[in-house]
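Worksheet for the structure shown next.
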Amino acid sequence: MRPFSWVLLAGVVLAGCSAGSQSDGQPVIFAASSLVDVLSELSAEEAMPFSDVTLSFASSASLAAQIIDDAPVDVFISADRAQIERLRRAGFSDTQPKVVARNSLVIAVEAGNPLGLAELRDLSRGDVLVAIAAPGVPLGEYSQGMLSAANIEVRPVTFEADARGVLAKVALGEVDAGIVYATDAASASNVDRVVIPEAEAVNVEYVALDLTGGSGAGQDLIEFLTSDTGRFALTNRGFLLP
Amino acid sequence: MSRQQRHDARVPIALAVLGWLAVAFFVLPIMALVLRVPWSSLSDVITDDATTEALTLSVFTSVITTVLAIVLGVPLAWLLARSNIPGRQFIRALCTLSMVLPPVVAGVALLASLGRRGVVGEILDDWFGVRLPFTMPAVVIAQLFVAMPFLVLTVESGFARSAGTVEEAARTLGASPWYVFTRVTLPATQPAIVAGAVLTWARALGEFGATITFAGNFPGTTRTLPIATYLALESDIDDALLISMVMVVISVVILVALRGRWVGAIGGMR
């Protein structure tokens, strides 16, 4: 190729890159993985205040890291207040964060509950294989907090990276039980839920932060989630309201 | 092989440009990583028990994987290169499929076969009380499943290249097939076996997806360094970067050391 062609090629490649990273005025929401079903549903029904919202889901910690690395985001919904505080300390938003939903913990067991697990204490039985989320991951911290508060010692066979990891091990029958968010257990097939009173003391909050700097788009999205339509969709998927 | 006999001046310019572009492509991300790592807290992370435990487990399991890959992979490569078994192409495709599977899917496949409810795993559990998931052998199995094809393909092409007159001569002189294999074929293929073993070891050391799916994550038994790095990403990115640097340094040291030791051998593969 001649030098001119190289320059042309480089130009085309660079143009392609920059077109991809612009949000073109479409609002972008970064949200904790457990919100994937409810937000995708609202977006598909075009019930959101904007016709095409771009949604991105991952663990709250990695989303916060992406935002600190200048990902273009209008609203961040975290399952972990610490990540919100991290962004506010770094000066990403001076608006007040708002709690939009709450979640709870349940025991996920194999369909039909073959071992007849009925309460949290059953997880410490010797014949029960248990998966819980790893320490350091929000779900892992909530699970361990609940077990310590109830003074129950569980020896899991594996510490999974997230709720879906725990659920997969339960659904495939490799473990007998796992502690997950109530909403994740509700959306999984091949898995039954055991509701536990100890979970009432656990307060899993989803906190939304407006990152648009008061231009309105972010605020509109957050208000929508706390509107009747938003609240209905959230409760429909098993979330609790703030 | 003499190192002085490379004629840099005769490399076409287009090749050199693209070659150096490739160098930059590899070096840039590693350099950026090195610059971003908070080196001041390196000693904390390296002396941390959790890190050394994961590191020890990673080195131990990846070495066992490499040994098993040689024991099983060399005979498989021989079958593929030299025998006349029907459907050889198909068998080769099946035996290297795990290279292109997403590792998490490879993990699910291992659970479906060797897990507690797996086709074979259920029998192992019922008859012998053996449960593989969440154990150290499961880590090795996951690594072997994903990494052995690298050795098989390298050694197979080594066998194909060395096929020839020396073996034929040994046979006409009355050597048994086993004698020919161990005294003629294997020595001629040794460089390919070493190269394949290094590739397999490197892939096994970095294995993450199949391991966490099939073996889970438990400190000391199944938490390898890549899993420790991934989990650290969730809570402390600085820690994750430091742990990943430990892995980069170890890999570079071992790869360079092997390259130095075996440079003649690997160079002689041509």
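Simple scheme: letters A, B, ... for chains in structure tokens order, numbers from 1 for residues in each chain, numbers from 1 for ligands in the order shown.
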
Quick one: everything within 9 Å of Thr229 of chain B, counting only C-alpha atoms, minus sequence neighbours fewer than 6 positions away in the same chain. Send it as a PyMOL selection string.
chain B and resi 237+239-244

Go ahead and save the picked residues with N, CA, C and O atoms, as a PDB file, in the first residue's frame.
ATOM      1  N   ILE B 237      -8.852  -2.694  43.363  1.00  0.00           N
ATOM      2  CA  ILE B 237      -8.186  -2.795  42.062  1.00  0.00           C
ATOM      3  C   ILE B 237      -6.671  -2.786  42.211  1.00  0.00           C
ATOM      4  O   ILE B 237      -5.959  -3.490  41.501  1.00  0.00           O
ATOM      5  N   ASP B 239      -4.844  -4.010  44.619  1.00  0.00           N
ATOM      6  CA  ASP B 239      -4.418  -5.366  44.973  1.00  0.00           C
ATOM      7  C   ASP B 239      -4.428  -6.262  43.747  1.00  0.00           C
ATOM      8  O   ASP B 239      -3.502  -7.039  43.518  1.00  0.00           O
ATOM      9  N   ALA B 240      -5.495  -6.154  42.961  1.00  0.00           N
ATOM     10  CA  ALA B 240      -5.630  -6.998  41.776  1.00  0.00           C
ATOM     11  C   ALA B 240      -4.465  -6.771  40.824  1.00  0.00           C
ATOM     12  O   ALA B 240      -3.887  -7.715  40.287  1.00  0.00           O
ATOM     13  N   LEU B 241      -4.095  -5.489  40.631  1.00  0.00           N
ATOM     14  CA  LEU B 241      -2.986  -5.173  39.731  1.00  0.00           C
ATOM     15  C   LEU B 241      -1.687  -5.773  40.247  1.00  0.00           C
ATOM     16  O   LEU B 241      -0.904  -6.347  39.480  1.00  0.00           O
ATOM     17  N   LEU B 242      -1.473  -5.659  41.559  1.00  0.00           N
ATOM     18  CA  LEU B 242      -0.226  -6.192  42.127  1.00  0.00           C
ATOM     19  C   LEU B 242      -0.170  -7.707  41.982  1.00  0.00           C
ATOM     20  O   LEU B 242       0.852  -8.268  41.612  1.00  0.00           O
ATOM     21  N   ILE B 243      -1.297  -8.378  42.275  1.00  0.00           N
ATOM     22  CA  ILE B 243      -1.304  -9.839  42.154  1.00  0.00           C
ATOM     23  C   ILE B 243      -1.037 -10.237  40.710  1.00  0.00           C
ATOM     24  O   ILE B 243      -0.282 -11.171  40.430  1.00  0.00           O
ATOM     25  N   SER B 244      -1.635  -9.477  39.768  1.00  0.00           N
ATOM     26  CA  SER B 244      -1.419  -9.826  38.368  1.00  0.00           C
ATOM     27  C   SER B 244       0.040  -9.606  37.973  1.00  0.00           C
ATOM     28  O   SER B 244       0.582 -10.325  37.141  1.00  0.00           O
TER      29      SER B 244
END

So which residues touch Ile91 of chain B within 10 Å, counting only C-alpha atoms, skipping near sequence neighbours fewer than 5 positions away, as an mmCIF file with C-alpha atoms, in the first residue's frame?
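The result, stored in part-v3.cif:
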data_model
loop_
_atom_site.group_PDB
_atom_site.id
_atom_site.type_symbol
_atom_site.label_atom_id
_atom_site.label_comp_id
_atom_site.auth_asym_id
_atom_site.auth_seq_id
_atom_site.Cartn_x
_atom_site.Cartn_y
_atom_site.Cartn_z
ATOM 1 C CA LEU B 76 -2.524 -38.787 21.418
ATOM 2 C CA LEU B 79 -2.158 -41.487 17.168
ATOM 3 C CA LEU B 80 -3.118 -38.404 15.195
ATOM 4 C CA ILE B 85 -7.288 -44.953 12.665
ATOM 5 C CA PRO B 86 -10.458 -44.048 10.786
ATOM 6 C CA THR B 96 -8.840 -29.689 20.317
ATOM 7 C CA LEU B 97 -12.361 -28.289 20.591
#

Got a sec: who's within 7 Å of Ala208 of chain A, counting only C-alpha atoms, leaving out chain neighbours fewer than 6 positions off, as a PyMOL selection string?
chain A and resi 75-78+97-100+222

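Distances from B:Tyr179, B:Phe150, B:Phe134, B:Trp201 to chain A were compared using only C-alpha atoms, and the smallest one belongs to B:Phe134.
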
Select, as a PDB file with N, CA, C and O atoms, in the first residue's frame, those residues of chain B with any atom no more than 7 Å from chain A (distances computed using only C-alpha atoms).
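Saved the output as result-v5.pdb:
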ATOM      1  N   GLY B 115     -19.101 -34.004  37.254  1.00  0.00           N
ATOM      2  CA  GLY B 115     -19.690 -33.387  38.433  1.00  0.00           C
ATOM      3  C   GLY B 115     -20.499 -34.399  39.246  1.00  0.00           C
ATOM      4  O   GLY B 115     -20.656 -35.548  38.851  1.00  0.00           O
ATOM      5  N   ARG B 116     -21.036 -33.922  40.367  1.00  0.00           N
ATOM      6  CA  ARG B 116     -21.775 -34.819  41.264  1.00  0.00           C
ATOM      7  C   ARG B 116     -22.966 -35.465  40.559  1.00  0.00           C
ATOM      8  O   ARG B 116     -23.338 -36.593  40.823  1.00  0.00           O
ATOM      9  N   ARG B 117     -23.592 -34.713  39.628  1.00  0.00           N
ATOM     10  CA  ARG B 117     -24.711 -35.249  38.857  1.00  0.00           C
ATOM     11  C   ARG B 117     -24.308 -35.587  37.436  1.00  0.00           C
ATOM     12  O   ARG B 117     -25.155 -35.783  36.575  1.00  0.00           O
ATOM     13  N   PHE B 134     -14.791 -28.962  43.391  1.00  0.00           N
ATOM     14  CA  PHE B 134     -14.314 -28.260  44.585  1.00  0.00           C
ATOM     15  C   PHE B 134     -13.080 -28.919  45.203  1.00  0.00           C
ATOM     16  O   PHE B 134     -12.797 -28.715  46.375  1.00  0.00           O
ATOM     17  N   GLY B 216     -14.624 -24.397  41.475  1.00  0.00           N
ATOM     18  CA  GLY B 216     -15.063 -23.407  42.452  1.00  0.00           C
ATOM     19  C   GLY B 216     -13.897 -22.576  42.953  1.00  0.00           C
ATOM     20  O   GLY B 216     -12.854 -22.475  42.298  1.00  0.00           O
ATOM     21  N   ASN B 217     -14.079 -21.985  44.131  1.00  0.00           N
ATOM     22  CA  ASN B 217     -13.071 -21.095  44.671  1.00  0.00           C
ATOM     23  C   ASN B 217     -13.005 -21.290  46.175  1.00  0.00           C
ATOM     24  O   ASN B 217     -13.905 -20.858  46.888  1.00  0.00           O
ATOM     25  N   PHE B 218     -11.976 -21.986  46.642  1.00  0.00           N
ATOM     26  CA  PHE B 218     -11.786 -22.137  48.086  1.00  0.00           C
ATOM     27  C   PHE B 218     -10.302 -21.939  48.386  1.00  0.00           C
ATOM     28  O   PHE B 218      -9.454 -22.539  47.735  1.00  0.00           O
ATOM     29  N   LEU B 231     -11.177 -11.866  41.938  1.00  0.00           N
ATOM     30  CA  LEU B 231     -11.945 -11.482  43.118  1.00  0.00           C
ATOM     31  C   LEU B 231     -11.430 -10.184  43.718  1.00  0.00           C
ATOM     32  O   LEU B 231     -12.214  -9.368  44.198  1.00  0.00           O
ATOM     33  N   GLU B 234     -12.932  -7.031  42.376  1.00  0.00           N
ATOM     34  CA  GLU B 234     -14.235  -6.639  42.894  1.00  0.00           C
ATOM     35  C   GLU B 234     -14.111  -5.727  44.107  1.00  0.00           C
ATOM     36  O   GLU B 234     -14.999  -4.936  44.383  1.00  0.00           O
ATOM     37  N   SER B 235     -13.011  -5.874  44.866  1.00  0.00           N
ATOM     38  CA  SER B 235     -12.941  -5.071  46.079  1.00  0.00           C
ATOM     39  C   SER B 235     -11.816  -4.041  46.027  1.00  0.00           C
ATOM     40  O   SER B 235     -12.005  -2.899  46.405  1.00  0.00           O
TER      41      SER B 235
END

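Between Ala188 of chain A and the residues A:Ile152, A:Leu221, A:Leu147, A:Ala111, the shortest atom-to-atom distance, using only C-alpha atoms, involves A:Ala111.
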
For Ala177 of chain A, list every protein, DNA or RNA residue within 6 Å, evaluated using only C-alpha atoms, and leave out those in the same chain fewer than 4 positions away; present the list as an mmCIF file with all heavy atoms, in the first residue's frame.
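Resulting contents of result34.cif:
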data_model
loop_
_atom_site.group_PDB
_atom_site.id
_atom_site.type_symbol
_atom_site.label_atom_id
_atom_site.label_comp_id
_atom_site.auth_asym_id
_atom_site.auth_seq_id
_atom_site.Cartn_x
_atom_site.Cartn_y
_atom_site.Cartn_z
ATOM 1 N N ALA A 108 -31.134 -20.470 48.223
ATOM 2 C CA ALA A 108 -31.517 -21.140 46.985
ATOM 3 C C ALA A 108 -31.214 -22.622 47.147
ATOM 4 O O ALA A 108 -30.121 -22.990 47.584
ATOM 5 C CB ALA A 108 -30.737 -20.570 45.806
ATOM 6 N N VAL A 109 -32.191 -23.475 46.847
ATOM 7 C CA VAL A 109 -31.987 -24.925 46.922
ATOM 8 C C VAL A 109 -32.402 -25.546 45.599
ATOM 9 O O VAL A 109 -33.072 -24.907 44.785
ATOM 10 C CB VAL A 109 -32.810 -25.567 48.066
ATOM 11 C CG1 VAL A 109 -32.329 -25.079 49.417
ATOM 12 C CG2 VAL A 109 -34.299 -25.292 47.874
ATOM 13 N N VAL A 130 -22.580 -26.264 50.608
ATOM 14 C CA VAL A 130 -23.062 -24.884 50.496
ATOM 15 C C VAL A 130 -22.108 -24.047 49.646
ATOM 16 O O VAL A 130 -20.888 -24.184 49.741
ATOM 17 C CB VAL A 130 -23.175 -24.246 51.902
ATOM 18 C CG1 VAL A 130 -23.675 -22.813 51.802
ATOM 19 C CG2 VAL A 130 -24.089 -25.073 52.793
#

Surrounding residues of Val166 of chain B excluding itself and chain neighbours under 5 positions, 9 Å, only C-alpha atoms, as number ranges by chain
B: 171, 184-185

Would you export the selected residues with C-alpha atoms as an mmCIF file, in the first residue's frame, please?
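What landed in again.cif:
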data_model
loop_
_atom_site.group_PDB
_atom_site.id
_atom_site.type_symbol
_atom_site.label_atom_id
_atom_site.label_comp_id
_atom_site.auth_asym_id
_atom_site.auth_seq_id
_atom_site.Cartn_x
_atom_site.Cartn_y
_atom_site.Cartn_z
ATOM 1 C CA ARG B 171 12.987 -50.966 11.543
ATOM 2 C CA VAL B 184 14.456 -42.600 17.404
ATOM 3 C CA THR B 185 11.080 -40.857 17.211
#

Can you tell me, as a ChimeraX atom specification, which residues in segment 56-94 of chain A count as strand (DSSP E or B) by DSSP?
/A:56-58,75-78

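Residue nearest Ser227 of chain A, chosen from A:Ala58, A:Ala101, A:Leu211, A:Met146 and counting only C-alpha atoms: A:Ala101.
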
Spatial neighbours of Thr189 of chain B, 8 Å, only C-alpha atoms, chain gap at least 2 places, as a list in words
Val155, Gly158, Phe159, Ser162, Thr185, Leu186, Pro187, Pro191, Ala192 and Ile193 of chain B

If you run DSSP on this backbone, which residues of segment 38-206 of chain A come out as alpha helix (DSSP H), and could you give them as a ChimeraX atom specification?
/A:38-44,60-68,81-89,138-149,163-171,182-187

Give me the residues near Asp74 of chain A as a ChimeraX atom specification, where near means some atom within 10 Å (using only C-alpha atoms) and where sequence neighbours in that chain fewer than 2 positions away do not count.
/A:26-30,54,71-72,76,209-213,215-219,221
